[in-house]
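Trainee: Below are the structure tokens for one structure; questions will follow.
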Amino acid sequence: MRVTKGFLIAAFALLSTAGISFASEPAVYDPLSSLIDVQKYARAIHIMAMLLMGFGFLMVFVRKYGRSAITATYLLVSIAIPLYFLKDSLGFMGGVDSDIDRLILAEFGAASLLICAGAVLGRLKMGQYMLLGLLFVPFYALNEWILLEGGFGLVEHGCFVDTGGSIVIHAFGALFGLGVAASMTTKKEFETPIEADATSDRFSLLGSMVLWVFWPSFCGALVAPADIPATVVNVIIALCGSTLATYAASLKLRGKVGVADIANAALAGGVAIGSTCDQVSPLIAFTIGILAGGLSTFGFAVIQDRFQAAIKKIDTCGVLYLHGLPGLFGGLVAMLTVGGISQVDQLKGIGITIIIAIVSGLIVGKILSLTGRRAEPYTDDEELLID
Amino acid sequence: MRVTKGFLIAAFALLSTAGISFASEPAVYDPLSSLIDVQKYARAIHIMAMLLMGFGFLMVFVRKYGRSAITATYLLVSIAIPLYFLKDSLGFMGGVDSDIDRLILAEFGAASLLICAGAVLGRLKMGQYMLLGLLFVPFYALNEWILLEGGFGLVEHGCFVDTGGSIVIHAFGALFGLGVAASMTTKKEFETPIEADATSDRFSLLGSMVLWVFWPSFCGALVAPADIPATVVNVIIALCGSTLATYAASLKLRGKVGVADIANAALAGGVAIGSTCDQVSPLIAFTIGILAGGLSTFGFAVIQDRFQAAIKKIDTCGVLYLHGLPGLFGGLVAMLTVGGISQVDQLKGIGITIIIAIVSGLIVGKILSLTGRRAEPYTDDEELLID
Amino acid sequence: MRVTKGFLIAAFALLSTAGISFASEPAVYDPLSSLIDVQKYARAIHIMAMLLMGFGFLMVFVRKYGRSAITATYLLVSIAIPLYFLKDSLGFMGGVDSDIDRLILAEFGAASLLICAGAVLGRLKMGQYMLLGLLFVPFYALNEWILLEGGFGLVEHGCFVDTGGSIVIHAFGALFGLGVAASMTTKKEFETPIEADATSDRFSLLGSMVLWVFWPSFCGALVAPADIPATVVNVIIALCGSTLATYAASLKLRGKVGVADIANAALAGGVAIGSTCDQVSPLIAFTIGILAGGLSTFGFAVIQDRFQAAIKKIDTCGVLYLHGLPGLFGGLVAMLTVGGISQVDQLKGIGITIIIAIVSGLIVGKILSLTGRRAEPYTDDEELLID
């Protein structure tokens with residue numbers, strides 16, 4: 001409670017300070033550019049649907065924690081968007097002129113935060129999700145600034161290829177989340193099974209479909225109008241590829257088809273095509289999708305249990321297998337498929353992301369662990385008033 | 001049944017009469033203006049998603065009445081849109097030239113009707129929802145015409161500030177609904193608890209998220225392209241503010257977080273920013289959102305039980321606390337935040353809305369009460385054929 | 001499993017062959033035409049929402065088969081879109097220049113396939129859905145080519161009126177599905193009741209609403225910008241008409257209102273207005289909607305049980321009554337409502353569709369029946385790994 005009030009006061013104070021620079025830029029009266037902005041706005045709304053209905057309901061698969069997962073999603077988005085918006089308005093570590101571009105960048109940050117939170121879903125208190133959001137956004141913005149804006153001169157500006165955020169958004173969020181999970185998995189949590197049922201599965205599949213449907217708007221959000229059609233086709237074809245590959249791999253590896261594989265790994269094509277969505281042919285996109293779907297399903301079906309048993313940590317939503325590995329794969333595959341790419345900058349960007357994400361995740365996890373523990377993991381009734 | 005057939009015949013007869021003027025205007029071949037219309041159309045579809053999936057599923061929180069709530073939503077929308085469209089085509093109490101503008105205005109009327117119906121949800125027969133729709137729309141159009149079109153010369157044309165409908169749509173619908181509830185709450189209904197469960201809660205949270213996501217399109221539906229970005233940012237920031245404030249206030253006032261508070265009060269920022277969404281800075285929008293979220297949660301957590309006990313009437317969805325109070329707050333706050341506003345016209349508009357809504361709601365409630373009562377409130381099986 | 005791997009290898013091989021022609025056309029730099037394409041893209045995303053969340057969740061009404069219905073939807077879409085895209089890129093039986101137009105046409109094909117699959121839902125193995133998709137698309141493309149592109153010179157190019165696909169998409173898919181069902185209904189399946197419950201009903205109503213909301217984008221997907229407003233208004237008014245008529249007819253014919261009638265027949269106005277959505281006045285659209293809703297409800301309430309008992313075959317989702325009869329009605333009504341229509345070509349097109357759909361459906365059903373049978377119909381656990 002005190003944490004929440006503190007957040008509101010701090011946010012308010014910061015926004016007050018920001019005052020003038022936080023005001024929107026004077027409206028542009030060039031009619032064509034206004035229309036382009038309104039089209040970007042439609043994509044921004046699609047991304048918002050992904051953040052709330054998509055990520056939110058995908059996480060409802062935890063049978064007894066669905067209402068908490070939704071509440072946490074609401075809070076994470078409501079922390080991340082104003083915070084990133086404020087950062088960008090003030091010009092810390094980059095900053096754009098357009099309100100709509102800034103909103104979309106803020107949504108990207110919120111998406112990465114939601115991915116991160118998926119790793120520790122059900123094991124944080126509500127106040128801890130909010131604190132996580134407050135601590136995550138600065139590190140996210142730092143990494144984004146280094147990779148995409150040439151921050152500190154580490155990666156040459158404009159040379160890192162990642163249009164739809166395979167690395168900057170997906171891999172960063174997943175690896176940060178694993179860092180947090182290192183401190184936020186108790187023995188009791190490790191031993192508590194994460195249960196789903198027919199209804200939680202159907203809600204989760206609904207979230208999955210919302211993500212699938214609007215993914216082209218995510219990848220194409222800031223793409224120029226003339227490049228939208230090719231980008232969109234690539235994203236859809238990649239998703240078709242990963243969906244088919246997930247079915248085949250799940251059946252092969254498990255004997256039957258896992259519902260969670262379908263809900264999750266089917267999306268891996270969207271994760272992996274992010275880096276190159278506006279650069280490759282549909283054929284390459286289909287291939288990337290198939291490989292990403294297979295890789296992700298292999299992660300869920302084969303790696304997850306062994307890895308968790310080995311490190312005694314839990315990644316609740318398996319974000320390593322949906323966002324981590326397919327994201328890294330997508331960033332690496334750009335080196336083979338994009339003509340004239342700077343291999344050095346691409347590798348440097350990926351390496352920097354891995355380091356910043358894991359180190360800052362470990363730090364943030366340690367901070368969170370100092371603010372207490374839930375009594376029971378994965379249950380709604382600890383913090384929610386159940387009717 | 002007879003009611004329904006009567007509706008169809010009457011609607012048909014009216015539409016036949018309308019004949020010529022109901023035909024769409026000749027297509028405009030100015031390419032830029034066509035593109036602007038198509039962009040408005042995308043927002044009109046977003047609003048339709050709010051009406052059906054948003055309002056519809058938000059009302060599914062009533063455990064045993066979910067399928068009826070959805071059916072009623074379908075019927076209310078299907079009555080209100082053609083009826084408003086017809087009224088506007090005929091030029092009764094105003095009327096616009098553009099098909100898309102007319103559609104959006106009709107959707108606004110349907111939104112206000114759904115809010116109104118939320119006050120008596122579960123206590124009307126299906127035919128009564130339809131009759132409610134038929135009677136509501138003329139009063140809604142009358143109030144809209146007085147406030148926004150200078151009808152009767154009561155409020156100077158163009159001087160009442162309410163872009164996103166805090167007063168005209170939200171407060172009007174909520175107060176009208178309270179008027180109806182005055183006649184449509186029996187002793188038995190008053191004593192029957194309104195029950196939710198884990199699944200009905202999750203559906204309700206889904207509806208809530210649909211409303212949250214598309215709210216910027218609702219507020220910005222008729223805003224000029226150049227003002228869309230600033231409007232959208234304000235609406236999203238306001239919703240973030242009310243979401244955070246709802247969490248904090250619910251925890252403070254109830255000891256735990258109420259799921260229904262999250263599903264409802266988190267949206268109060270959208271309700272309250274309506275009047276001023278294209279006029280204020282993001283800082284003001286955030287403040288309005290925080291205050292609206294706190295006010296709405298206070299309404300649900302503190303006022304609702306006492307007020308209902310005092311007047312022995314039920315407001316099923318608590319529309320007074322989500323739409324009524326935050327709507328009035330939004331209309332009033334315009335007087336402090338919009339430069340050069342006519343304080344007199346703003347106050348007159350708010351006062352007129354309160355009077356028309358309550359008086360006409362009382363009249364319509366009395367008429368509805370003459371057409372019979374349900375045997376049991378809040379149950380699907382009285383009117384639906386359950387599999 | 002082998003089927004799946006075979007699919008992936010075949011698809012990949014085909015795509016490799018396609019190589020060059022499958023690459024997207026060079027980006028067009030005419031700013032206005034780019035903006036028009038981006039607007040089409042927004043409609044393409046709406047259609048994708050209909051395919052996955054709409055058709056997918058509408059089919060979740062089968063209580064114990066919900067997760068399978070969603071999985072099947074994912075697989076059917078992921079087969080149909082790349083396959084149609086490939087066909088069109090290679091210029092087999094027609095082919096367009098624009099990536100976005102091609103994507104929308106591929107989505108139309110996927111919609112028709114999902115309708116078809118609805119007839120045998122719960123009675124195919126997952127691999128059989130995929131095989132169905134692979135076999136359906138060529139026949140669908142053949143019929144589309146004959147009706148809309150003047151293929152074989154059977155119908156004069158441009159003379160068959162079917163903007164929103166009442167015949168080409170809806171009637172074709174439904175009749176094809178009935179053909180498949182002729183071979184894919186065992187005695188055991190015929191005798192097994194198809195059960196729904198409160199939760200599966202609510203998911204199904206959600207799918208229904210997604211379809212209702214985005215239907216205008218489906219019908220208007222390829223309509224010129226200047227004609228979008230009138231088209232959209234017609235579609236919405238037609239849906240309002242069918243929703244009201246469904247309520248009235250269901251109550252009249254069944255004594256109470258059937259939830260499945262509301263979920264399904266309410267959409268019949270969208271099916272039937274397809275052929276003429278950009279050609280008629282709102283008054284005609286309302287009339288078409290009312291008649292289609294009544295016809296569809298009559299089908300579900302009166303014809304379905306008798307017809308199924310007579311032929312001993314099951315149409316799981318009742319696609320004949322939602323898509324078949326209303327689609328044919330919509331195609332026929334064009335002959336009365338569209339000025340200057342070629343009655344001969346319209347009738348020829350409808351007749352050809354009926355013949356191709358039924359004959360090819362029978363053939364494909366026979367092929368599918370050779371690939372095995374499920375042990376139990378309508379259950380998730382036969383092929384899915386249930387948590």
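The chains in the structure tokens are called A, B, ... from first to last as shown; in each chain the residues are counted from 1, and the ligands are counted from 1 in the order shown.
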I'd like to know which residues of segment 247-286 of chain A are alpha helix (DSSP H) (by DSSP, run on the backbone); could you write them as a list in words?

Mentor: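 So, restricting segment 247-286 of chain A to alpha helix (DSSP H), we get Tyr247, Ala248, Ala249, Ser250, Leu251, Lys252, Leu253, Arg254, Val259, Ala260, Asp261, Ile262, Ala263, Asn264, Ala265, Ala268, Gly269, Gly270, Val271, Ala272, Ile273, Pro282, Leu283, Ile284, Ala285 and Phe286 of chain A.
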
Trainee: With N, CA, C and O atoms kept, could you save the residues just selected as a JSON list (two decimals), in the first residue's frame?

Mentor:
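Output saved as part-v1.json:
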```json
[["chain", "number", "residue", "atom", "x", "y", "z"],
["A", 247, "TYR", "N", 2.92, -27.67, -33.88],
["A", 247, "TYR", "CA", 2.08, -28.86, -33.86],
["A", 247, "TYR", "C", 2.92, -30.12, -34.11],
["A", 247, "TYR", "O", 2.85, -31.10, -33.35],
["A", 248, "ALA", "N", 3.73, -30.07, -35.16],
["A", 248, "ALA", "CA", 4.52, -31.24, -35.52],
["A", 248, "ALA", "C", 5.52, -31.60, -34.43],
["A", 248, "ALA", "O", 5.65, -32.76, -34.03],
["A", 249, "ALA", "N", 6.20, -30.59, -33.89],
["A", 249, "ALA", "CA", 7.24, -30.86, -32.90],
["A", 249, "ALA", "C", 6.62, -31.34, -31.59],
["A", 249, "ALA", "O", 7.16, -32.24, -30.92],
["A", 250, "SER", "N", 5.50, -30.76, -31.22],
["A", 250, "SER", "CA", 4.88, -31.14, -29.96],
["A", 250, "SER", "C", 4.42, -32.60, -30.02],
["A", 250, "SER", "O", 4.64, -33.39, -29.09],
["A", 251, "LEU", "N", 3.80, -32.96, -31.13],
["A", 251, "LEU", "CA", 3.34, -34.34, -31.31],
["A", 251, "LEU", "C", 4.52, -35.30, -31.29],
["A", 251, "LEU", "O", 4.48, -36.35, -30.65],
["A", 252, "LYS", "N", 5.58, -34.91, -31.96],
["A", 252, "LYS", "CA", 6.78, -35.75, -32.04],
["A", 252, "LYS", "C", 7.43, -35.93, -30.66],
["A", 252, "LYS", "O", 7.78, -37.04, -30.26],
["A", 253, "LEU", "N", 7.58, -34.82, -29.93],
["A", 253, "LEU", "CA", 8.36, -34.86, -28.70],
["A", 253, "LEU", "C", 7.56, -35.36, -27.51],
["A", 253, "LEU", "O", 8.13, -35.88, -26.55],
["A", 254, "ARG", "N", 6.24, -35.15, -27.54],
["A", 254, "ARG", "CA", 5.43, -35.51, -26.37],
["A", 254, "ARG", "C", 4.50, -36.69, -26.62],
["A", 254, "ARG", "O", 3.85, -37.18, -25.70],
["A", 259, "VAL", "N", -1.25, -28.38, -25.07],
["A", 259, "VAL", "CA", -2.03, -27.16, -25.26],
["A", 259, "VAL", "C", -1.15, -25.93, -25.02],
["A", 259, "VAL", "O", -1.22, -24.94, -25.76],
["A", 260, "ALA", "N", -0.30, -26.00, -24.00],
["A", 260, "ALA", "CA", 0.57, -24.86, -23.72],
["A", 260, "ALA", "C", 1.57, -24.63, -24.85],
["A", 260, "ALA", "O", 1.96, -23.49, -25.12],
["A", 261, "ASP", "N", 2.00, -25.70, -25.51],
["A", 261, "ASP", "CA", 2.88, -25.52, -26.67],
["A", 261, "ASP", "C", 2.16, -24.70, -27.74],
["A", 261, "ASP", "O", 2.72, -23.76, -28.30],
["A", 262, "ILE", "N", 0.92, -25.10, -28.04],
["A", 262, "ILE", "CA", 0.16, -24.40, -29.07],
["A", 262, "ILE", "C", -0.03, -22.93, -28.66],
["A", 262, "ILE", "O", 0.17, -22.02, -29.47],
["A", 263, "ALA", "N", -0.39, -22.70, -27.41],
["A", 263, "ALA", "CA", -0.65, -21.33, -26.97],
["A", 263, "ALA", "C", 0.61, -20.47, -27.03],
["A", 263, "ALA", "O", 0.54, -19.27, -27.29],
["A", 264, "ASN", "N", 1.75, -21.08, -26.82],
["A", 264, "ASN", "CA", 2.99, -20.31, -26.71],
["A", 264, "ASN", "C", 3.87, -20.42, -27.95],
["A", 264, "ASN", "O", 4.12, -19.42, -28.62],
["A", 265, "ALA", "N", 4.34, -21.62, -28.23],
["A", 265, "ALA", "CA", 5.36, -21.78, -29.27],
["A", 265, "ALA", "C", 4.84, -21.37, -30.65],
["A", 265, "ALA", "O", 5.62, -20.97, -31.52],
["A", 268, "ALA", "N", 6.24, -18.16, -31.68],
["A", 268, "ALA", "CA", 7.68, -17.97, -31.77],
["A", 268, "ALA", "C", 8.11, -17.40, -33.12],
["A", 268, "ALA", "O", 9.12, -16.68, -33.21],
["A", 269, "GLY", "N", 7.34, -17.68, -34.16],
["A", 269, "GLY", "CA", 7.65, -17.09, -35.46],
["A", 269, "GLY", "C", 7.57, -15.58, -35.43],
["A", 269, "GLY", "O", 8.36, -14.89, -36.07],
["A", 270, "GLY", "N", 6.62, -15.06, -34.69],
["A", 270, "GLY", "CA", 6.50, -13.62, -34.54],
["A", 270, "GLY", "C", 7.68, -13.03, -33.79],
["A", 270, "GLY", "O", 8.19, -11.96, -34.14],
["A", 271, "VAL", "N", 8.12, -13.75, -32.74],
["A", 271, "VAL", "CA", 9.29, -13.29, -31.98],
["A", 271, "VAL", "C", 10.52, -13.24, -32.88],
["A", 271, "VAL", "O", 11.24, -12.25, -32.93],
["A", 272, "ALA", "N", 10.74, -14.34, -33.62],
["A", 272, "ALA", "CA", 11.99, -14.48, -34.35],
["A", 272, "ALA", "C", 12.05, -13.63, -35.62],
["A", 272, "ALA", "O", 13.13, -13.21, -36.05],
["A", 273, "ILE", "N", 10.90, -13.36, -36.23],
["A", 273, "ILE", "CA", 10.90, -12.57, -37.46],
["A", 273, "ILE", "C", 11.09, -11.08, -37.15],
["A", 273, "ILE", "O", 11.34, -10.27, -38.06],
["A", 282, "PRO", "N", 9.21, -13.66, -48.31],
["A", 282, "PRO", "CA", 8.27, -14.55, -47.61],
["A", 282, "PRO", "C", 8.83, -15.96, -47.40],
["A", 282, "PRO", "O", 8.55, -16.60, -46.40],
["A", 283, "LEU", "N", 9.62, -16.41, -48.36],
["A", 283, "LEU", "CA", 10.19, -17.75, -48.22],
["A", 283, "LEU", "C", 11.10, -17.83, -47.00],
["A", 283, "LEU", "O", 11.04, -18.78, -46.21],
["A", 284, "ILE", "N", 11.96, -16.83, -46.85],
["A", 284, "ILE", "CA", 12.84, -16.79, -45.68],
["A", 284, "ILE", "C", 12.00, -16.64, -44.41],
["A", 284, "ILE", "O", 12.28, -17.26, -43.38],
["A", 285, "ALA", "N", 10.97, -15.82, -44.49],
["A", 285, "ALA", "CA", 10.11, -15.62, -43.32],
["A", 285, "ALA", "C", 9.47, -16.94, -42.88],
["A", 285, "ALA", "O", 9.40, -17.26, -41.70],
["A", 286, "PHE", "N", 9.00, -17.71, -43.86],
["A", 286, "PHE", "CA", 8.38, -19.00, -43.55],
["A", 286, "PHE", "C", 9.40, -19.93, -42.89],
["A", 286, "PHE", "O", 9.11, -20.60, -41.90]]
```

Trainee: I'd like the neighbourhood of segment 136-139 of chain A as a ChimeraX atom specification, where a residue qualifies if any of its atoms comes within 8 Å (using only C-alpha atoms), though same-chain residues fewer than 4 positions away should be ignored.

Mentor: /A:80,83-84,109,113,132,143,356-357,360,364

Trainee: Print the selection's residues with C-alpha atoms to a file, as an mmCIF file, in the first residue's frame.

Mentor:
```cif
data_model
loop_
_atom_site.group_PDB
_atom_site.id
_atom_site.type_symbol
_atom_site.label_atom_id
_atom_site.label_comp_id
_atom_site.auth_asym_id
_atom_site.auth_seq_id
_atom_site.Cartn_x
_atom_site.Cartn_y
_atom_site.Cartn_z
ATOM 1 C CA ALA A 80 5.536 1.307 -17.719
ATOM 2 C CA LEU A 83 7.255 6.125 -16.968
ATOM 3 C CA TYR A 84 8.744 5.525 -20.418
ATOM 4 C CA GLY A 109 8.887 -1.150 -23.186
ATOM 5 C CA LEU A 113 8.274 -5.740 -18.988
ATOM 6 C CA LEU A 132 9.616 -4.365 -10.822
ATOM 7 C CA ASN A 143 19.810 -1.072 -23.507
ATOM 8 C CA ILE A 356 22.662 -5.906 -19.352
ATOM 9 C CA ALA A 357 19.509 -8.028 -19.108
ATOM 10 C CA SER A 360 20.251 -5.910 -14.119
ATOM 11 C CA VAL A 364 16.485 -6.138 -9.418
#
```

Trainee: At a cut-off of 6 Å, can you tabulate as CSV every residue of chain B near chain A together with its closest atom pair and the distance in Å to one decimal, using only C-alpha atoms and ordering rows by chain then number?

Mentor:
```
residue,atom,partner,partner_atom,distance
B:Val213,CA,A:Ala49,CA,5.7
B:Pro225,CA,A:Ser34,CA,5.8
B:Ala226,CA,A:Ser34,CA,5.3
B:Pro229,CA,A:Ile100,CA,5.8
B:Cys240,CA,A:Ser78,CA,4.3
B:Ala248,CA,A:Thr4,CA,5.9
B:Lys256,CA,A:Leu385,CA,5.4
B:Val257,CA,A:Leu384,CA,4.7
B:Gly258,CA,A:Leu385,CA,4.9
B:Ser281,CA,A:Ala23,CA,5.5
```

Trainee: Fewer than 3 positions away in the same chain doesn't count, so skip those; otherwise give me all residues within 12 Å of Leu121 of chain A, counting only C-alpha atoms, as number ranges by chain.

Mentor: A: 55-56, 58-62, 65-66, 68-73, 76, 113-118, 124-126, 128-129, 132, 177-178, 180-181, 184-185, 189, 194, 314-319, 374, 377-380

Trainee: Rounded to one decimal, what separation in Å do you get between atom CA of Leu239 of chain A and atom CA of Leu325 of chain A?

Mentor: 16.0 Å

Trainee: Find the distance between atom CA of Ile237 of chain B and atom CA of Gly299 of chain B and write it in Å to one decimal.

Mentor: 21.9 Å

Trainee: Can you tell me, as a ChimeraX atom specification, what residues are no more than 8 Å from segment 147-164 of chain C when counting only C-alpha atoms, ignoring any on the same chain fewer than 6 positions away?

Mentor: /C:93-94,218-220,223,273-278,331,334,341-342,345-346,348-349

Trainee: Would you mind exporting the chosen residues as an mmCIF file, in the first residue's frame, restricted to N, CA, C and O atoms?

Mentor:
```
data_model
loop_
_atom_site.group_PDB
_atom_site.id
_atom_site.type_symbol
_atom_site.label_atom_id
_atom_site.label_comp_id
_atom_site.auth_asym_id
_atom_site.auth_seq_id
_atom_site.Cartn_x
_atom_site.Cartn_y
_atom_site.Cartn_z
ATOM 1 N N MET C 93 -4.544 -19.918 -61.810
ATOM 2 C CA MET C 93 -5.947 -19.501 -61.689
ATOM 3 C C MET C 93 -6.059 -18.086 -61.128
ATOM 4 O O MET C 93 -6.590 -17.873 -60.043
ATOM 5 N N GLY C 94 -5.561 -17.140 -61.870
ATOM 6 C CA GLY C 94 -5.626 -15.754 -61.420
ATOM 7 C C GLY C 94 -4.422 -15.401 -60.576
ATOM 8 O O GLY C 94 -3.507 -16.215 -60.376
ATOM 9 N N PHE C 218 -14.633 -7.246 -43.257
ATOM 10 C CA PHE C 218 -14.632 -8.411 -44.145
ATOM 11 C C PHE C 218 -15.299 -8.036 -45.468
ATOM 12 O O PHE C 218 -14.731 -8.212 -46.539
ATOM 13 N N CYS C 219 -16.498 -7.497 -45.379
ATOM 14 C CA CYS C 219 -17.248 -7.158 -46.594
ATOM 15 C C CYS C 219 -16.589 -5.997 -47.351
ATOM 16 O O CYS C 219 -16.641 -5.939 -48.574
ATOM 17 N N GLY C 220 -16.009 -5.062 -46.613
ATOM 18 C CA GLY C 220 -15.440 -3.886 -47.252
ATOM 19 C C GLY C 220 -13.967 -4.018 -47.567
ATOM 20 O O GLY C 220 -13.343 -3.037 -48.017
ATOM 21 N N VAL C 223 -13.089 -2.965 -51.056
ATOM 22 C CA VAL C 223 -13.923 -1.895 -51.607
ATOM 23 C C VAL C 223 -13.103 -0.597 -51.683
ATOM 24 O O VAL C 223 -12.240 -0.346 -50.846
ATOM 25 N N ILE C 273 -25.736 -10.155 -46.620
ATOM 26 C CA ILE C 273 -25.507 -8.844 -47.225
ATOM 27 C C ILE C 273 -24.227 -8.832 -48.059
ATOM 28 O O ILE C 273 -23.979 -7.881 -48.820
ATOM 29 N N GLY C 274 -23.436 -9.904 -47.934
ATOM 30 C CA GLY C 274 -22.146 -9.948 -48.625
ATOM 31 C C GLY C 274 -22.231 -9.607 -50.102
ATOM 32 O O GLY C 274 -21.525 -8.729 -50.604
ATOM 33 N N SER C 275 -23.118 -10.249 -50.803
ATOM 34 C CA SER C 275 -23.170 -10.071 -52.255
ATOM 35 C C SER C 275 -23.434 -8.625 -52.652
ATOM 36 O O SER C 275 -22.924 -8.136 -53.652
ATOM 37 N N THR C 276 -24.255 -7.925 -51.870
ATOM 38 C CA THR C 276 -24.770 -6.636 -52.308
ATOM 39 C C THR C 276 -24.384 -5.481 -51.386
ATOM 40 O O THR C 276 -24.945 -4.392 -51.498
ATOM 41 N N CYS C 277 -23.398 -5.699 -50.501
ATOM 42 C CA CYS C 277 -23.134 -4.736 -49.428
ATOM 43 C C CYS C 277 -22.780 -3.345 -49.926
ATOM 44 O O CYS C 277 -23.002 -2.357 -49.228
ATOM 45 N N ASP C 278 -22.208 -3.244 -51.122
ATOM 46 C CA ASP C 278 -21.829 -1.914 -51.621
ATOM 47 C C ASP C 278 -22.802 -1.405 -52.674
ATOM 48 O O ASP C 278 -22.505 -0.453 -53.388
ATOM 49 N N GLY C 331 -26.927 -14.262 -52.389
ATOM 50 C CA GLY C 331 -26.562 -14.252 -53.807
ATOM 51 C C GLY C 331 -27.775 -14.095 -54.703
ATOM 52 O O GLY C 331 -27.726 -13.388 -55.722
ATOM 53 N N ALA C 334 -29.463 -10.526 -54.774
ATOM 54 C CA ALA C 334 -28.786 -9.536 -55.624
ATOM 55 C C ALA C 334 -29.532 -9.355 -56.946
ATOM 56 O O ALA C 334 -29.539 -8.264 -57.523
ATOM 57 N N ILE C 341 -27.938 -5.859 -63.128
ATOM 58 C CA ILE C 341 -27.231 -7.121 -62.911
ATOM 59 C C ILE C 341 -27.550 -8.084 -64.045
ATOM 60 O O ILE C 341 -28.631 -8.029 -64.639
ATOM 61 N N SER C 342 -26.569 -8.952 -64.369
ATOM 62 C CA SER C 342 -26.831 -10.012 -65.346
ATOM 63 C C SER C 342 -27.425 -11.199 -64.612
ATOM 64 O O SER C 342 -26.732 -11.930 -63.911
ATOM 65 N N ASP C 345 -25.742 -14.575 -65.493
ATOM 66 C CA ASP C 345 -24.430 -14.825 -64.890
ATOM 67 C C ASP C 345 -24.559 -15.073 -63.387
ATOM 68 O O ASP C 345 -23.848 -15.907 -62.826
ATOM 69 N N GLN C 346 -25.457 -14.341 -62.747
ATOM 70 C CA GLN C 346 -25.623 -14.533 -61.310
ATOM 71 C C GLN C 346 -26.102 -15.958 -61.023
ATOM 72 O O GLN C 346 -25.548 -16.650 -60.160
ATOM 73 N N LYS C 348 -25.873 -18.578 -63.020
ATOM 74 C CA LYS C 348 -24.829 -19.529 -63.414
ATOM 75 C C LYS C 348 -23.791 -19.656 -62.305
ATOM 76 O O LYS C 348 -23.377 -20.760 -61.934
ATOM 77 N N GLY C 349 -23.377 -18.491 -61.759
ATOM 78 C CA GLY C 349 -22.366 -18.511 -60.706
ATOM 79 C C GLY C 349 -22.822 -19.294 -59.489
ATOM 80 O O GLY C 349 -22.062 -20.092 -58.926
#
```
